[in-house]
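The block underneath contains the structure these notes are about, expressed in structure tokens.
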There are 2 protein chains.
Amino acid sequence: MIFTERCRSTQCRSRRGTLKTLHGAIETPVFMPVGTQATVKSVTPEELIECGAQVILGNTYHLFLRPGHEIIGRLGGLHKFMHWERPILTDSGGFQVYSLAASREIDEDGVTFRSHIDGALKRLTPEKVIEIQQTLGSDIMMCLDSCIPYPASREDVALHTMLTTRWAERCLEHRTREELLLFGIVQGGMYPDWREKSSRDLVELGFDGYAIGGLSVGEPRDLMLEMIEHVRPLLPDSKPVYLMGVGTPEDMVEAVERGVDMFDCVLPTRNARNGMLFTSFGRIVIKNSRFALDDRPLDPACNCYTCRNYSRAYLRHLFMARELLAYRLNTIHNLSFFLGLMGEMRQAIEDDRFKEFKREFYRKREKTCSN
Amino acid sequence: MIFTERCRSTQCRSRRGTLKTLHGAIETPVFMPVGTQATVKSVTPEELIECGAQVILGNTYHLFLRPGHEIIGRLGGLHKFMHWERPILTDSGGFQVYSLAASREIDEDGVTFRSHIDGALKRLTPEKVIEIQQTLGSDIMMCLDSCIPYPASREDVALHTMLTTRWAERCLEHRTREELLLFGIVQGGMYPDWREKSSRDLVELGFDGYAIGGLSVGEPRDLMLEMIEHVRPLLPDSKPVYLMGVGTPEDMVEAVERGVDMFDCVLPTRNARNGMLFTSFGRIVIKNSRFALDDRPLDPACNCYTCRNYSRAYLRHLFMARELLAYRLNTIHNLSFFLGLMGEMRQAIEDDRFKEFKREFYRKREKTCSN
């Protein structure tokens, strides 16, 4: 069994599971820090482990363009290249072509685009993204998908959703390394019937896991949760479910409640570099002058390296002075918060008190406090 | 005794010593990594210790401007602020006012200048720099000096050298925290008689140590070494001698041979961020395309965190992609090289084989090799 559901809440759809991969087991629900260019920005693998990371995400699009998957392959694969021995999930590049590349053109066979780095003309097909991910040695590979903007017409959604399914089938057929897991990506825009069609077709093809794509793309939050609620029961409980690109701590709590097992998002790492820090009592903008003489840790409830050793005043100073250490200490804290939150959720599910956990989670954030 | 000479080479002026400070003993000869803004750029105190750092340098000018010494003082001093428990030497700000500040004006009492950060009008006097350094809690404080460009006329050198001595006397008088050491700074430009005058006047005043300032400011290397050779015998062997702002590995080997005990320089840290790496066989420019597929460590003879875990190919990728981790891994390596070199020199002096060490040091760098 690749995925084992260890226990399930009696209060909601939340569940605790274990996902087996070539580089070890992943306890779910899980958050995956984003390591776009073969590095989670500013931190080392040892620090990621101390923060509680079990698995990281790498970006196929970026690694394909620089340094090139063949170089990484010749150097022994992505794990060895970046000195990370735990599991890696790589996305397929579909979303980055959609969001980063210039002048992209989609046809039945694949997508042609210009690199955001040097404008070079490049092409990705379903077969190519499998080749890239197998060369990288990704533990969990994703199928190439055709992304859909929000809002989109029924016609556009139908077109891209059907194309995504045909591409998924080609990915499945092209895979030769069976020890590397392959996930399909559900599309369907905000149309429940197309979400259903996408889910049923992918499940029919049979993947190691299923991702819910095309959410958190600008739609209202209620609509996102509605789509999760609609799609989740259509996916088999015997497989892990991954909500791509989500999200805030609040989004993750809501999605776990609705039965999602896996998450990735640039939010903790990107916001760290912008000085926006997550705490148990809400968010802190570290450049605020009220922290100039504040000798308390960012979050007194946090036990991360940053909170154990540095004051808000020092973190503010580093950020104001644009010191490199600022980005790193902030990243360590934010990742520790996100990963710690997932750990609390796993425990709450095991203890069958997810509802109580959720109530307490929101209560702490609503408290008026001097922090 | 603040300074103890533990042993002395029979081959040259090099010597092994121990300098006692409020935050512990420093084994000399020593290199001090530069931590300008209350951080050695990109690395943590724990990493500095792993690299072999015994003492770091902080910049009075920068900390005075941002976040302000009073803030650091109210937060418990510089050590606590930046989470560094070993000794700190702070410069006086004289050199930064000279090199960074706009529209500076020197008078008998002090120097008025505009901040390089926001253009605010600021003033430093000998008394003020002692107040700042005492508030920071610096283990080794430096007197305010009036820097001299190269080349400079005898008249200018005479003026600034005499002023530096009068300021040194005022610094000494203003010091109230006797547990914090205070060093005088020898000036005198490239004029042996003014170097002599400066040395004798400062020794007459009596400091805990003596710095040789105003070198490595653009003069030919032979002239720098000549000045060190001239000044060093004028300073008491019972006190540590600090060559400010020097230098390359080669410069440090030559200066230790001539009896210098302490060094600081931005070279290892700044060059690391520019991708210029020091090794036992010379320098590496990591962006060079010949490293794209090179799976060897930067320096196979190096045991630092970077060399233990990453290939040249990965370091090149990080640097080309401008990843934050590049600056950090490069900094760890360069500092390890500089600090390791000082360790080798200390051992060579203890074994009374400094000449042999020096011959081998140059031999390794001259070898034609494929690295």
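Chain labels A, B, ... are given in the sequence in which chains occur in the structure tokens; within each chain residues are numbered consecutively from 1, and ligands are likewise numbered from 1 in the order shown.
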As JSON, numbers by chain, could you give me every residue of chain A near chain B (at most 10 Å apart, counting only C-alpha atoms)? {"A": [37, 38, 39, 40, 41, 42, 43, 44, 62, 66, 67, 68, 71, 72, 74, 75, 76, 80, 81, 82, 83, 84, 117, 292, 293, 294, 295, 309, 310, 311, 313, 314, 315, 316, 317, 318, 320, 321, 322, 323, 324, 325, 326, 327, 328, 329]}
Could those residues be written to a file, using C-alpha atoms, as a compact mmCIF listing (two decimals), in the first residue's frame?
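Generated file (out-v5.txt):
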```txt
# COMPACT_ATOMS: atom_id res chain seq x y z
CA GLN A 37 15.43 26.23 -7.75
CA ALA A 38 16.83 23.21 -5.89
CA THR A 39 16.85 25.18 -2.63
CA VAL A 40 14.22 26.38 -0.19
CA LYS A 41 15.27 30.00 -0.31
CA SER A 42 17.85 30.95 2.36
CA VAL A 43 17.77 27.74 4.43
CA THR A 44 19.74 24.49 4.47
CA HIS A 62 12.63 26.21 -13.14
CA ARG A 66 18.28 26.25 -15.08
CA PRO A 67 20.56 24.38 -14.57
CA GLY A 68 18.73 21.84 -16.78
CA ILE A 71 22.87 18.32 -15.59
CA ILE A 72 21.11 17.39 -12.36
CA ARG A 74 24.34 13.51 -14.50
CA LEU A 75 25.20 14.76 -11.00
CA GLY A 76 23.15 11.97 -9.42
CA LYS A 80 22.07 14.44 -4.15
CA PHE A 81 22.45 17.76 -6.01
CA MET A 82 20.77 19.76 -3.26
CA HIS A 83 21.80 17.57 -0.28
CA TRP A 84 18.19 16.66 0.68
CA ILE A 117 15.09 33.97 -17.74
CA ALA A 292 12.22 48.69 17.78
CA LEU A 293 12.73 48.04 21.50
CA ASP A 294 10.71 44.84 21.84
CA ASP A 295 12.94 42.22 23.44
CA ASN A 309 17.63 33.14 20.22
CA TYR A 310 16.51 36.51 18.84
CA SER A 311 14.25 39.39 19.81
CA ALA A 313 13.92 44.25 17.97
CA TYR A 314 16.86 42.40 16.43
CA LEU A 315 14.72 40.90 13.66
CA ARG A 316 13.36 44.36 12.91
CA HIS A 317 16.89 45.77 12.77
CA LEU A 318 18.06 43.04 10.37
CA MET A 320 15.40 47.38 8.08
CA ALA A 321 19.12 47.00 7.28
CA ARG A 322 18.26 44.44 4.51
CA GLU A 323 20.64 41.97 6.07
CA LEU A 324 20.69 38.49 4.51
CA LEU A 325 20.24 36.93 7.93
CA ALA A 326 16.79 38.55 8.16
CA TYR A 327 15.39 36.45 5.32
CA ARG A 328 16.76 33.30 6.83
CA LEU A 329 15.65 33.83 10.44
```
Quick check for you: according to DSSP on this backbone, which residues of range 167-249 of chain B are classed as helix (DSSP H, G or I)? Reply as JSON, numbers by chain. {"B": [167, 168, 169, 170, 171, 172, 173, 174, 192, 193, 194, 195, 196, 197, 198, 199, 200, 201, 202, 203, 204, 205, 221, 222, 223, 224, 225, 226, 227, 228, 229, 230, 231, 232, 233, 234, 249]}
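Non-sequential neighbours of range 183-192 of chain B (distance at most 6 Å, separation of 5 or more positions within a chain, only C-alpha atoms) are Met142, Cys143, Val157, Thr161, Ser198, Ser199, Phe207, Asp208, Gly209, Tyr210, Ala211, Ile212, Gly213 and Gly214 of chain B.
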Distance query Thr28 in chain A at most 6 Å, only C-alpha atoms, self and fewer than 5 positions along chain excluded, as a PyMOL selection string: chain A and resi 16-18+261
Could you give me, as a VMD selection string, the residues within 7 Å of range 88-93 of chain B, counting only C-alpha atoms and dropping anything in the same chain fewer than 3 positions from it? chain B and resid 55 to 61 96 to 97 129 133 138 to 144
Output for the residues just chosen: C-alpha atoms as a PDB file, in the first residue's frame:
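Generated file (selection37.pdb):
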```pdb
ATOM      1  CA  VAL B  55      36.102  37.193  17.967  1.00  0.00           C
ATOM      2  CA  ILE B  56      34.166  39.317  15.499  1.00  0.00           C
ATOM      3  CA  LEU B  57      34.352  42.970  14.543  1.00  0.00           C
ATOM      4  CA  GLY B  58      31.396  45.331  14.778  1.00  0.00           C
ATOM      5  CA  ASN B  59      31.216  48.758  13.140  1.00  0.00           C
ATOM      6  CA  THR B  60      30.598  51.676  15.454  1.00  0.00           C
ATOM      7  CA  TYR B  61      29.651  53.973  12.571  1.00  0.00           C
ATOM      8  CA  GLN B  96      33.785  54.663   7.816  1.00  0.00           C
ATOM      9  CA  VAL B  97      33.283  58.410   8.210  1.00  0.00           C
ATOM     10  CA  VAL B 129      32.900  56.993  20.175  1.00  0.00           C
ATOM     11  CA  GLN B 133      31.422  51.513  22.322  1.00  0.00           C
ATOM     12  CA  SER B 138      32.520  46.061  23.131  1.00  0.00           C
ATOM     13  CA  ASP B 139      35.313  43.899  24.565  1.00  0.00           C
ATOM     14  CA  ILE B 140      37.925  45.775  22.582  1.00  0.00           C
ATOM     15  CA  MET B 141      37.291  49.433  21.782  1.00  0.00           C
ATOM     16  CA  MET B 142      39.220  51.510  19.269  1.00  0.00           C
ATOM     17  CA  CYS B 143      40.149  55.189  19.554  1.00  0.00           C
ATOM     18  CA  LEU B 144      38.737  57.611  17.017  1.00  0.00           C
TER      19      LEU B 144
END
```
Would you mind writing down, as number ranges by chain, each residue of range 33-165 of chain B that DSSP on the backbone assigns to strand (DSSP E)? B: 56-58, 88-90, 102-106, 111-114, 121-124, 140-142
Export of prior selection with N, CA and C atoms as a tab-separated table (two decimals), in the first residue's frame:
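Output saved as part-v4.tsv:
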```
chain	number	residue	atom	x	y	z
B	56	ILE	N	34.62	38.65	16.72
B	56	ILE	CA	34.17	39.32	15.50
B	56	ILE	C	34.30	40.83	15.66
B	57	LEU	N	34.25	41.52	14.54
B	57	LEU	CA	34.35	42.97	14.54
B	57	LEU	C	32.98	43.58	14.25
B	58	GLY	N	32.62	44.59	15.04
B	58	GLY	CA	31.40	45.33	14.78
B	58	GLY	C	31.76	46.75	14.39
B	88	ILE	N	33.89	40.72	21.13
B	88	ILE	CA	33.62	41.64	20.01
B	88	ILE	C	34.62	42.79	20.08
B	89	LEU	N	35.24	43.10	18.96
B	89	LEU	CA	36.01	44.32	18.82
B	89	LEU	C	35.19	45.28	17.98
B	90	THR	N	35.09	46.52	18.40
B	90	THR	CA	34.42	47.50	17.54
B	90	THR	C	35.44	48.52	17.07
B	102	ALA	N	29.04	61.27	3.59
B	102	ALA	CA	29.10	62.39	2.66
B	102	ALA	C	29.45	63.67	3.42
B	103	SER	N	30.06	64.60	2.74
B	103	SER	CA	30.35	65.96	3.24
B	103	SER	C	30.87	65.97	4.67
B	104	ARG	N	31.95	65.26	4.92
B	104	ARG	CA	32.50	65.24	6.28
B	104	ARG	C	33.41	66.47	6.48
B	105	GLU	N	33.35	66.96	7.70
B	105	GLU	CA	34.23	68.08	8.06
B	105	GLU	C	34.90	67.78	9.38
B	106	ILE	N	36.23	67.82	9.35
B	106	ILE	CA	37.00	67.51	10.55
B	106	ILE	C	37.42	68.80	11.22
B	111	VAL	N	34.38	65.14	14.22
B	111	VAL	CA	34.06	65.13	12.81
B	111	VAL	C	32.54	65.18	12.62
B	112	THR	N	32.11	66.05	11.70
B	112	THR	CA	30.69	66.18	11.37
B	112	THR	C	30.50	65.63	9.96
B	113	PHE	N	29.43	64.86	9.78
B	113	PHE	CA	29.23	64.21	8.47
B	113	PHE	C	27.75	63.95	8.25
B	114	ARG	N	27.44	63.56	7.03
B	114	ARG	CA	26.06	63.16	6.71
B	114	ARG	C	26.01	61.65	6.58
B	121	LEU	N	22.52	64.81	9.41
B	121	LEU	CA	23.77	65.37	9.91
B	121	LEU	C	24.12	64.72	11.24
B	122	LYS	N	25.34	64.21	11.35
B	122	LYS	CA	25.76	63.50	12.56
B	122	LYS	C	27.14	63.98	12.97
B	123	ARG	N	27.48	63.73	14.23
B	123	ARG	CA	28.79	64.15	14.71
B	123	ARG	C	29.40	63.08	15.61
B	124	LEU	N	30.68	62.83	15.39
B	124	LEU	CA	31.42	61.93	16.28
B	124	LEU	C	32.62	62.68	16.84
B	140	ILE	N	36.74	45.03	23.00
B	140	ILE	CA	37.93	45.78	22.58
B	140	ILE	C	37.45	47.01	21.82
B	141	MET	N	37.71	48.18	22.39
B	141	MET	CA	37.29	49.43	21.78
B	141	MET	C	38.48	50.07	21.05
B	142	MET	N	38.18	50.82	20.02
B	142	MET	CA	39.22	51.51	19.27
B	142	MET	C	39.05	53.02	19.46
```
